[in-house]
Each structure stands twice: as C-alpha cells, then as structure tokens.
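Asks: Mind having a look at this structure? Questions to follow.
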Amino acid sequence: MLVTSNTKHYKSPVLTDNHVRVLTADEYLCELFDSDPAGITESFIGTASIRTRPPVTATEFADRVDAAGAPRFAARIRPRLHGG
C-alpha cells in the first residue's frame with residue numbers, strides 16, 4: 001500500500017500487477033475507521049489528548065485532520081467524539 005496525495009503519478013500497471021494499492025490519506029483513514037470504528041476512535045481521542053503544542057480537543061483535532069486533507073474521515077469520526 002502506498003499513501004500519497006499525489007495519486008495521479010502512481011497509476012502504473014507495475015504497481016497494480018504487484019498488488020500495490022495507491023490511496024490518499026483520506027481513503028486510508030476511512031478504511032482504517034471502517035475496519036474498527038471503536039478502536040480508531042479511541043486511538044484518535046488518545047492522540048488528541050497527548051498533543052501539547054498546542055493542546056487540542058478531539059474535535060479540534062478532527063478539524064485539523066479535515067483541513068489537512070482528510071475530510072471524509074473527519075466527518076466519520078466527529079459524531080463519535082463526545083464534545084471532546
């Protein structure tokens with residue numbers, strides 16, 4: 001698996017022939033979330049809680065993830081954040 005924001009340069013038969021999937025960060029995070037929503041949510045909240053420069057709530061962290069290019073993932077996880 002290759003995670004990149006520049007997927008258009010990785011549409012090579014060599015990659016597909018070798019079973020290399022090319023995903024955006026948003027696609028990858030959505031796949032992770034879909035495979036284990038509770039675990040990914042717990043990990044996400046934990047990661048937000050240890051950020052100190054600057055400290056952020058889980059909801060603010062979701063906003064940053066959204067702005068960084070993973071809007072679908074952020075939309076999926078936000079309802080699971082308890083006002084965080």
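Chain identifiers are assigned as A, B, and so on, following the order in which chains appear in the structure tokens; residues are numbered from 1 within each chain, and ligands are numbered from 1 in order of appearance.
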When you look at Glu42 of chain A with a cut-off of 12 Å (counting only C-alpha atoms), what residues show up, excluding the ones that are within fewer than 3 positions of it in the same chain? I need them as a list in words.

Replies: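 My reading of the contact set: Phe33, Asp36, Pro37, Ala38, Gly39, Ile45, Gly46, Thr47, Ala48, Ser49, Ala58, Ile77, Arg80, Leu81, His82 and Gly84 of chain A.
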
Asks: Could you write those residues out with N, CA and C atoms, as an mmCIF file, in the first residue's frame?

Replies:
```cif
data_model
loop_
_atom_site.group_PDB
_atom_site.id
_atom_site.type_symbol
_atom_site.label_atom_id
_atom_site.label_comp_id
_atom_site.auth_asym_id
_atom_site.auth_seq_id
_atom_site.Cartn_x
_atom_site.Cartn_y
_atom_site.Cartn_z
ATOM 1 N N PHE A 33 -10.872 3.308 9.736
ATOM 2 C CA PHE A 33 -12.047 3.581 10.559
ATOM 3 C C PHE A 33 -13.122 2.523 10.325
ATOM 4 N N ASP A 36 -12.440 -0.786 12.137
ATOM 5 C CA ASP A 36 -12.512 -0.825 13.600
ATOM 6 C C ASP A 36 -12.894 0.550 14.143
ATOM 7 N N PRO A 37 -14.156 0.949 13.984
ATOM 8 C CA PRO A 37 -14.559 2.292 14.399
ATOM 9 C C PRO A 37 -14.253 2.603 15.868
ATOM 10 N N ALA A 38 -14.520 1.665 16.754
ATOM 11 C CA ALA A 38 -14.286 1.909 18.180
ATOM 12 C C ALA A 38 -12.790 2.068 18.477
ATOM 13 N N GLY A 39 -11.989 1.191 17.915
ATOM 14 C CA GLY A 39 -10.545 1.250 18.154
ATOM 15 C C GLY A 39 -9.911 2.501 17.577
ATOM 16 N N ILE A 45 -8.824 9.840 19.930
ATOM 17 C CA ILE A 45 -9.027 10.639 21.143
ATOM 18 C C ILE A 45 -7.755 10.636 21.989
ATOM 19 N N GLY A 46 -7.114 9.485 22.086
ATOM 20 C CA GLY A 46 -5.863 9.393 22.838
ATOM 21 C C GLY A 46 -4.767 10.248 22.237
ATOM 22 N N THR A 47 -4.666 10.241 20.933
ATOM 23 C CA THR A 47 -3.661 11.055 20.254
ATOM 24 C C THR A 47 -3.923 12.538 20.485
ATOM 25 N N ALA A 48 -5.172 12.935 20.369
ATOM 26 C CA ALA A 48 -5.512 14.341 20.615
ATOM 27 C C ALA A 48 -5.168 14.735 22.046
ATOM 28 N N SER A 49 -5.388 13.843 22.988
ATOM 29 C CA SER A 49 -5.191 14.177 24.408
ATOM 30 C C SER A 49 -3.724 14.367 24.779
ATOM 31 N N ALA A 58 -10.344 16.655 21.006
ATOM 32 C CA ALA A 58 -10.516 15.690 19.917
ATOM 33 C C ALA A 58 -11.265 16.322 18.752
ATOM 34 N N ILE A 77 -15.568 10.473 11.957
ATOM 35 C CA ILE A 77 -15.181 10.340 13.358
ATOM 36 C C ILE A 77 -15.842 11.380 14.260
ATOM 37 N N ARG A 80 -18.555 10.541 16.783
ATOM 38 C CA ARG A 80 -18.133 9.655 17.861
ATOM 39 C C ARG A 80 -17.353 10.375 18.955
ATOM 40 N N LEU A 81 -17.050 11.650 18.722
ATOM 41 C CA LEU A 81 -16.304 12.446 19.699
ATOM 42 C C LEU A 81 -17.306 13.122 20.619
ATOM 43 N N HIS A 82 -17.181 12.910 21.878
ATOM 44 C CA HIS A 82 -18.182 13.367 22.847
ATOM 45 C C HIS A 82 -17.880 14.780 23.332
ATOM 46 N N GLY A 84 -15.480 16.434 22.887
ATOM 47 C CA GLY A 84 -14.077 16.439 23.125
ATOM 48 C C GLY A 84 -13.318 17.626 23.018
#
```

Asks: From the DSSP assignment of the backbone, select every residue of chain A that is strand (DSSP E or B), and format the answer as a PyMOL selection string.

Replies: chain A and resi 2-3+22-23

Asks: May I have the selected residues written with N, CA and C atoms, as an mmCIF file, in the first residue's frame?

Replies:
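The result, stored in out33.cif:
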```
data_model
loop_
_atom_site.group_PDB
_atom_site.id
_atom_site.type_symbol
_atom_site.label_atom_id
_atom_site.label_comp_id
_atom_site.auth_asym_id
_atom_site.auth_seq_id
_atom_site.Cartn_x
_atom_site.Cartn_y
_atom_site.Cartn_z
ATOM 1 N N LEU A 2 0.484 2.208 -0.792
ATOM 2 C CA LEU A 2 1.179 3.486 -0.882
ATOM 3 C C LEU A 2 0.166 4.577 -0.578
ATOM 4 N N VAL A 3 0.478 5.417 0.411
ATOM 5 C CA VAL A 3 -0.424 6.506 0.789
ATOM 6 C C VAL A 3 0.225 7.809 0.343
ATOM 7 N N VAL A 22 -2.771 2.243 -4.200
ATOM 8 C CA VAL A 22 -2.405 3.646 -4.005
ATOM 9 C C VAL A 22 -3.637 4.374 -3.488
ATOM 10 N N LEU A 23 -3.509 4.934 -2.283
ATOM 11 C CA LEU A 23 -4.636 5.592 -1.625
ATOM 12 C C LEU A 23 -4.244 6.982 -1.157
#
```

Asks: Using atom CA of Ala62 of chain A and atom CA of Ala75 of chain A as the two end points, give the distance in Å to one decimal.

Replies: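 Result for atom CA of Ala62 of chain A versus atom CA of Ala75 of chain A: 8.2 Å, one decimal.
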
Asks: Need to verify the contact set: segment 12-21 of chain A, 12 Å, only C-alpha atoms, exclusion of same-chain residues closer than 5 positions in sequence. Can you return it as a list in words?

Replies: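 Using only C-alpha atoms, the neighbours found are Met1, Leu2, Val3, Thr4, Thr7, Glu27 and Tyr28 of chain A.
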